[in-house]
Each structure stands twice: as structure tokens, then as C-alpha cells.
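Chemist: Pasting a structure below so you can have a look.
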Amino acid sequence: MNHSSSKAGAPREPDLPPYQVVLAETDWGSLQTAFGNGECLPEVLARLLEPDPKVQVTALSELSELVGHQNCIYEATAPAAMYVAGILAHPAAMTLRPYRNVPVRATLLNWLVSTAYDASDEIVDRTEQYFPGFLTPGTIVAVFRDLRPMLYRAVAPFLQDGHEDVREAAGLAALILAEHPALAQCRDHLAVHARRILDTSSDAPNRRVARKALEAWGHDVTDIDPFQEEPWDCGPHSDGRGDLEPPF
């Protein structure tokens, strides 16, 4: 196992159910995706555990289209995110991607980053200006946002991972998920990870996420140059298919 326990302990929220349970007990055919119901999702999700990294990354690209098309949250997004978070510790997540020498785990985490960002406070606040009631309890986005403490608990162990790409992706995911009020006590610890991203990352959208988290949590950011505001639909790793494109 290539990760260590994090001291960023979240409140004792329920843990994620095992990924096998999510896969077997979710009524995928009843859930909306961007292109109809989710009856094809069990096969797509199962391919994330194939030993061939090309198969894994292609499956994740397909998943992005089905449950994250146009940066939207669909009915099937929540259980798909639970499954992806649930396989982070699986040995298949340590498969190295050819040409990049990066564990597939980093790609899975970056998918969670992008998905969580689509339901982040920043995006939701903008959307509610045009669609009041967007966050009414029980709506698709509200249901997804309720999962944030559970998803955080799956991500937190990788904040101290031995691979730099995994650490950065886990840090970004944790920063966005920690917007949930139940995770407020984790934020002081996460500020260290935000600073690390600002000090080491060459990715401007990732650095922007880190700076905005520190600013929102009341930290002094006067020593950090402000970033140009991004377009409406631009967030971490949202440059089209980005990290999911060949070369694999």
C-alpha cells in the first residue's frame, strides 16, 4: 500500500460502502446520465479495475461523458463518485500510466476534483443567481453535496501519498470537499496542503483553488499574487478531456 494515514481526521461520518456494494446495489438503470439512463455504468465502472491502464483511463473518460458532461451533476453522478472514491485504495489504482509514469490513482483523484468542483460553493453560488432553488434539499446537486464528508474520508489518506501527483490531486479534492460545514475542523490542517500546492504546482487552475480556499477560510493571502478569474466553466483539470486524452 503506497499511502499513509492522514492526520486530517474528518468528523465521524459514515464511511463509504464498499465499492462492490455500490456497484451491485445501485439501481443504475433508474438513474439519469447525460445520455439516457445509467444501465451501461456497471460495465464502465468495472473496467476501472482492469490491469491495462489504457482500458482504465478510457473507461474514466467514458464515465466523465456519462455523468459529468458539460460540467453538470446528474442522478448517476453521486453513486459513480462513491465507486471511484471507493477504489482509490485498490491495487489497480497503482497501475502506472504509460508515457507519464503516474499512478492511475492520481487520475481517479483528478476526476473527483473536477466532479466536486462542479458542485462547489463557487459554482453553486453562480448557478443559484439564475436558477433559484437549485440547492433545495433533495435536488440532484444537493444530494451530491451531502456526500462530501464521506468522499473526504476516502480521499484524506492520500494527502501524504508518496507520489507527488497523487498528493496534489488528493489535496485539491480535500480542499473542495472541505467546504462542507461538517468538515470545518479539518480546514486548518488542510491549509498546509493548500500552501504546498501554491509552492509546488505548475497548474494555474489548481493554484487558484488553493488560494481561494485559504482566502475563504480567513487565512492571510496577501503574499500570494491574485489569479485572473477563470471563465464560468473553467475549473481544475477542466480543459476539455484534458488529463484523459491520449497519449495514455
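Note on naming: chains are A, B, ... as they come in the C-alpha cells, residues start from 1 per chain, ligands start from 1 in the order shown.
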In range 51-235 of chain A, what's strand (DSSP E) per DSSP? Answer as a PyMOL selection string?
Modeler: chain A and resi 96-97+102-103
Chemist: With all heavy atoms retained, export the selected residues as a tab-separated table (two decimals), in the first residue's frame.
Modeler:
chain	number	residue	atom	x	y	z
A	96	LEU	N	0.66	2.12	-13.37
A	96	LEU	CA	1.31	3.31	-13.91
A	96	LEU	C	0.85	3.55	-15.34
A	96	LEU	O	0.79	2.64	-16.16
A	96	LEU	CB	2.83	3.16	-13.87
A	96	LEU	CG	3.46	3.12	-12.49
A	96	LEU	CD1	4.98	2.96	-12.61
A	96	LEU	CD2	3.14	4.38	-11.69
A	97	ARG	N	0.55	4.80	-15.64
A	97	ARG	CA	0.15	5.16	-16.99
A	97	ARG	C	1.38	5.25	-17.89
A	97	ARG	O	2.35	5.95	-17.56
A	97	ARG	CB	-0.59	6.50	-16.97
A	97	ARG	CG	-1.92	6.43	-16.24
A	97	ARG	CD	-2.63	7.76	-16.24
A	97	ARG	NE	-2.85	8.25	-17.59
A	97	ARG	CZ	-3.57	9.33	-17.87
A	97	ARG	NH1	-4.11	10.03	-16.90
A	97	ARG	NH2	-3.74	9.72	-19.12
A	102	VAL	N	2.74	7.95	-14.02
A	102	VAL	CA	1.89	8.47	-12.95
A	102	VAL	C	0.87	7.40	-12.60
A	102	VAL	O	0.26	6.82	-13.50
A	102	VAL	CB	1.18	9.76	-13.40
A	102	VAL	CG1	0.18	10.23	-12.35
A	102	VAL	CG2	2.19	10.85	-13.69
A	103	PRO	N	0.64	7.13	-11.33
A	103	PRO	CA	-0.37	6.12	-10.97
A	103	PRO	C	-1.76	6.52	-11.44
A	103	PRO	O	-2.13	7.71	-11.41
A	103	PRO	CB	-0.30	6.08	-9.44
A	103	PRO	CG	1.01	6.66	-9.07
A	103	PRO	CD	1.32	7.67	-10.14
Chemist: Could you please write out, as a PyMOL selection string, every residue of range 16-190 of chain A that DSSP assigns to helix (DSSP H, G or I)?
Modeler: chain A and resi 19-25+28-30+41-49+53-71+77-86+91-94+104-118+121-130+140-146+148-160+164-177+181-190
Chemist: Name all residues at most 9 Å from Thr33 in chain A (count only C-alpha atoms; drop same-chain ones fewer than 2 positions away) and give them as a VMD selection string.
Modeler: chain A and resid 31 35 to 38 65 to 69 73 to 77
Chemist: Write to file, as a short mmCIF file (atom, residue, chain, number, x, y, z; two decimals), in the first residue's frame, the residues of the selection just made, with C-alpha atoms.
Modeler:
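What follows is the written file selection_4.cif:
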data_model
loop_
_atom_site.label_atom_id
_atom_site.label_comp_id
_atom_site.auth_asym_id
_atom_site.auth_seq_id
_atom_site.Cartn_x
_atom_site.Cartn_y
_atom_site.Cartn_z
CA LEU A 31 -30.65 6.92 -12.78
CA PHE A 35 -27.25 10.29 -22.44
CA GLY A 36 -30.22 8.39 -21.05
CA ASN A 37 -30.25 6.01 -18.11
CA GLY A 38 -27.21 4.52 -16.43
CA GLU A 65 -19.06 11.94 -20.54
CA LEU A 66 -21.90 9.98 -18.95
CA VAL A 67 -22.05 11.60 -15.51
CA GLY A 68 -20.13 14.86 -15.95
CA HIS A 69 -20.98 16.05 -19.46
CA ILE A 73 -24.20 16.79 -11.98
CA TYR A 74 -26.64 14.01 -12.92
CA GLU A 75 -28.55 11.46 -10.85
CA ALA A 76 -25.88 8.85 -11.56
CA THR A 77 -23.00 11.16 -10.60
#
Chemist: Which of these residues is nearest to Glu62 in chain A, using only C-alpha atoms: A:Thr127, A:Gly162, A:Trp111, A:Thr95?
Modeler: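 Comparing A:Thr127, A:Gly162, A:Trp111, A:Thr95 against Glu62 in chain A, the winner is A:Trp111.
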Chemist: Env of Ala210 in chain A: 8 Å cut, atoms = only C-alpha atoms, seq-sep filter 4 positions within chain, self excluded. Answer as a PyMOL selection string.
Modeler: chain A and resi 172+175+194-195+197-198+206+214
Chemist: Have a look at CA of Asp27 in chain A and CA of Pro132 in chain A and let me know their distance in Å, one decimal.
Modeler: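 Distance reported for this atom pair: 29.5 Å.
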Chemist: When distances are computed from only C-alpha atoms, which of A:Gly218, A:Pro91, A:Pro42, A:Pro14 shows the smallest separation from Arg148 in chain A?
Modeler: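 So, comparing all the options, the nearest one is A:Pro14.
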Chemist: Write out as a Markdown table the residues of range 136-210 of chain A that have any atom within 8 Å of an atom of range 112-125 of chain A, one row each with the nearest atom pair and its distance in Å to one decimal, counting only C-alpha atoms, sorted by chain and then rising number.
Modeler:
| residue | atom | partner | partner_atom | distance |
| --- | --- | --- | --- | --- |
| A:Val141 | CA | A:Ala119 | CA | 6.5 |
| A:Phe144 | CA | A:Ala119 | CA | 7.6 |
| A:Arg145 | CA | A:Ala119 | CA | 6.7 |
| A:Ala169 | CA | A:Val113 | CA | 7.1 |
| A:Leu172 | CA | A:Val113 | CA | 6.3 |
| A:Ala173 | CA | A:Val113 | CA | 4.6 |
| A:Ile176 | CA | A:Tyr117 | CA | 6.5 |
| A:Leu177 | CA | A:Ala116 | CA | 6.7 |
| A:Glu179 | CA | A:Asp121 | CA | 7.2 |
Chemist: Using only C-alpha atoms, can you tell me which of A:Asp203, A:Ala184, A:Arg105, A:Ala142 comes closest to Asp161 in chain A?
Modeler: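 The closest residue to Asp161 in chain A is A:Arg105.
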Chemist: Find the distance between CA of Glu43 in chain A and CA of Ala59 in chain A and write it in Å to one decimal.
Modeler: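 These atoms are spaced 9.0 Å apart.
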